[in-house]
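Engineer: Encoded as structure tokens, here's the structure I'll be asking about.
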Amino acid sequence: MTEQQPTADTHDMTWMLKRLATSRGVAHAVLFTSDGLVLARSEELHRDVAERTAASSASLFALGRAVCEFAPTTGDATPRKIIIDLDKACVLVFAAGHNTVLAVSLSAEVTDAETAVASAETIKAIRGLAPALAARERTPTS
């Protein structure tokens with residue numbers, strides 16, 4: 001029997017989000033499947049908020065994929081990051097691993113230095129953990 005590669009849907013990735021949430025300016029983080037199932041969330045984030053965030057961010061990510069045909073790209077393009085710019089805050093939604101997305105809430109505007117630092121930290125974490133951040137395909141059960 002072969003051992004399965006650890007993935008975000010088989011192993012708890014809360015430790016990674018806890019570490020990310022200690023980055024300057026980061027308020028919350030939630031890791032979810034591309035269809036909106038919460039896999040992990042930062043400790044301070046209420047479960048209901050995490051679930052709504054995952055569902056709405058998964059929809060945004062799907063819209064981003066649909067809009068890619070508008071951009072001069074080749075092949076099956078997927079957004080790397082979607083930015084939601086709010087007054088004195090922003091939300092960054094990243095492609096994390098195969099079938100996973102990571103949303104990060106920042107208590108800083110997009111133009112603030114904290115946002116650049118938090119974005120770089122998030123991208124670094126994603127690159128280092130990409131295989132473990134993946135999720136297997138979910139299939140409907142009969």
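Ligands are numbered from 1 in the order shown, chains are lettered A, B, ... in the order of the structure tokens, and residues start at 1 in each chain.
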If you run DSSP on this backbone, which residues of range 38-91 of chain A come out as alpha helix (DSSP H), and could you give them as a PDB file with N, CA and C atoms, in the first residue's frame?
Structural biologist:
ATOM      1  N   ARG A  47     -16.047  30.515  12.998  1.00  0.00           N
ATOM      2  CA  ARG A  47     -16.339  29.491  11.978  1.00  0.00           C
ATOM      3  C   ARG A  47     -17.361  29.974  10.941  1.00  0.00           C
ATOM      4  N   ASP A  48     -18.435  30.648  11.392  1.00  0.00           N
ATOM      5  CA  ASP A  48     -19.457  31.137  10.455  1.00  0.00           C
ATOM      6  C   ASP A  48     -18.878  32.139   9.460  1.00  0.00           C
ATOM      7  N   VAL A  49     -18.026  33.030   9.947  1.00  0.00           N
ATOM      8  CA  VAL A  49     -17.398  34.025   9.066  1.00  0.00           C
ATOM      9  C   VAL A  49     -16.459  33.321   8.094  1.00  0.00           C
ATOM     10  N   ALA A  50     -15.721  32.333   8.573  1.00  0.00           N
ATOM     11  CA  ALA A  50     -14.816  31.575   7.698  1.00  0.00           C
ATOM     12  C   ALA A  50     -15.595  30.884   6.582  1.00  0.00           C
ATOM     13  N   GLU A  51     -16.733  30.294   6.920  1.00  0.00           N
ATOM     14  CA  GLU A  51     -17.533  29.591   5.909  1.00  0.00           C
ATOM     15  C   GLU A  51     -18.110  30.558   4.877  1.00  0.00           C
ATOM     16  N   ARG A  52     -18.608  31.717   5.325  1.00  0.00           N
ATOM     17  CA  ARG A  52     -19.128  32.712   4.366  1.00  0.00           C
ATOM     18  C   ARG A  52     -17.999  33.259   3.494  1.00  0.00           C
ATOM     19  N   THR A  53     -16.853  33.485   4.113  1.00  0.00           N
ATOM     20  CA  THR A  53     -15.701  33.988   3.363  1.00  0.00           C
ATOM     21  C   THR A  53     -15.259  32.970   2.319  1.00  0.00           C
ATOM     22  N   ALA A  54     -15.202  31.708   2.690  1.00  0.00           N
ATOM     23  CA  ALA A  54     -14.797  30.657   1.745  1.00  0.00           C
ATOM     24  C   ALA A  54     -15.780  30.565   0.585  1.00  0.00           C
ATOM     25  N   ALA A  55     -17.065  30.588   0.888  1.00  0.00           N
ATOM     26  CA  ALA A  55     -18.070  30.482  -0.176  1.00  0.00           C
ATOM     27  C   ALA A  55     -17.999  31.669  -1.129  1.00  0.00           C
ATOM     28  N   SER A  56     -17.932  32.879  -0.590  1.00  0.00           N
ATOM     29  CA  SER A  56     -17.909  34.059  -1.459  1.00  0.00           C
ATOM     30  C   SER A  56     -16.577  34.190  -2.194  1.00  0.00           C
ATOM     31  N   SER A  57     -15.476  33.871  -1.532  1.00  0.00           N
ATOM     32  CA  SER A  57     -14.166  33.962  -2.190  1.00  0.00           C
ATOM     33  C   SER A  57     -14.003  32.898  -3.268  1.00  0.00           C
ATOM     34  N   ALA A  58     -14.574  31.710  -3.049  1.00  0.00           N
ATOM     35  CA  ALA A  58     -14.542  30.675  -4.089  1.00  0.00           C
ATOM     36  C   ALA A  58     -15.303  31.154  -5.318  1.00  0.00           C
ATOM     37  N   SER A  59     -16.417  31.846  -5.089  1.00  0.00           N
ATOM     38  CA  SER A  59     -17.180  32.405  -6.209  1.00  0.00           C
ATOM     39  C   SER A  59     -16.373  33.472  -6.940  1.00  0.00           C
ATOM     40  N   LEU A  60     -15.690  34.333  -6.177  1.00  0.00           N
ATOM     41  CA  LEU A  60     -14.837  35.354  -6.796  1.00  0.00           C
ATOM     42  C   LEU A  60     -13.743  34.711  -7.640  1.00  0.00           C
ATOM     43  N   PHE A  61     -13.156  33.660  -7.106  1.00  0.00           N
ATOM     44  CA  PHE A  61     -12.084  32.989  -7.829  1.00  0.00           C
ATOM     45  C   PHE A  61     -12.602  32.359  -9.121  1.00  0.00           C
ATOM     46  N   ALA A  62     -13.800  31.784  -9.063  1.00  0.00           N
ATOM     47  CA  ALA A  62     -14.413  31.220 -10.271  1.00  0.00           C
ATOM     48  C   ALA A  62     -14.694  32.318 -11.290  1.00  0.00           C
ATOM     49  N   LEU A  63     -15.161  33.474 -10.832  1.00  0.00           N
ATOM     50  CA  LEU A  63     -15.368  34.608 -11.733  1.00  0.00           C
ATOM     51  C   LEU A  63     -14.045  35.058 -12.349  1.00  0.00           C
ATOM     52  N   GLY A  64     -12.995  35.064 -11.526  1.00  0.00           N
ATOM     53  CA  GLY A  64     -11.672  35.429 -12.034  1.00  0.00           C
ATOM     54  C   GLY A  64     -11.219  34.504 -13.145  1.00  0.00           C
ATOM     55  N   ARG A  65     -11.481  33.207 -12.994  1.00  0.00           N
ATOM     56  CA  ARG A  65     -11.128  32.257 -14.059  1.00  0.00           C
ATOM     57  C   ARG A  65     -11.933  32.539 -15.321  1.00  0.00           C
ATOM     58  N   ALA A  66     -13.205  32.875 -15.157  1.00  0.00           N
ATOM     59  CA  ALA A  66     -14.057  33.164 -16.314  1.00  0.00           C
ATOM     60  C   ALA A  66     -13.606  34.425 -17.034  1.00  0.00           C
ATOM     61  N   VAL A  67     -13.152  35.414 -16.294  1.00  0.00           N
ATOM     62  CA  VAL A  67     -12.722  36.682 -16.885  1.00  0.00           C
ATOM     63  C   VAL A  67     -11.360  36.548 -17.576  1.00  0.00           C
TER      64      VAL A  67
END
Engineer: Which range 42-124 of chain A residues have any atom within 8 Å of an atom of range 14-28 of chain A, and for each, what is the nearest pair of atoms with distance in Å to one decimal, counting only C-alpha atoms, rows sorted by chain and number, as a tab-separated table?
Structural biologist:
residue	atom	partner	partner_atom	distance
A:Ser42	CA	A:Leu17	CA	5.2
A:Glu43	CA	A:Lys18	CA	6.6
A:Glu44	CA	A:His28	CA	7.1
A:Leu45	CA	A:His28	CA	6.2
A:Val104	CA	A:His28	CA	5.8
A:Ser105	CA	A:His28	CA	5.1
A:Leu106	CA	A:Val26	CA	4.5
A:Ser107	CA	A:Gly25	CA	5.2
A:Ala108	CA	A:Gly25	CA	6.2
A:Glu114	CA	A:Gly25	CA	5.5
A:Thr115	CA	A:Gly25	CA	6.9
A:Val117	CA	A:Arg24	CA	7.5
A:Ala118	CA	A:Ser23	CA	6.2
A:Glu121	CA	A:Leu20	CA	7.4
A:Thr122	CA	A:Leu20	CA	7.0
Engineer: Let me make sure I understand: among A:Asp35, A:Pro72, A:Met13, A:Ile82, which one has the smallest atom-to-atom distance to Phe94 in chain A if we use only C-alpha atoms?
Structural biologist: A:Ile82
Engineer: Any idea what the distance is between CA of Ala116 in chain A and CA of Leu102 in chain A?
Structural biologist: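 These two atoms are separated by 16.2 Å.
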Engineer: Tell me which of A:Val38, A:Arg80, A:Thr33, A:Ala95 sits closest to Cys68 in chain A, counting only C-alpha atoms.
Structural biologist: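 Selected residue with least distance to Cys68 in chain A: A:Arg80.
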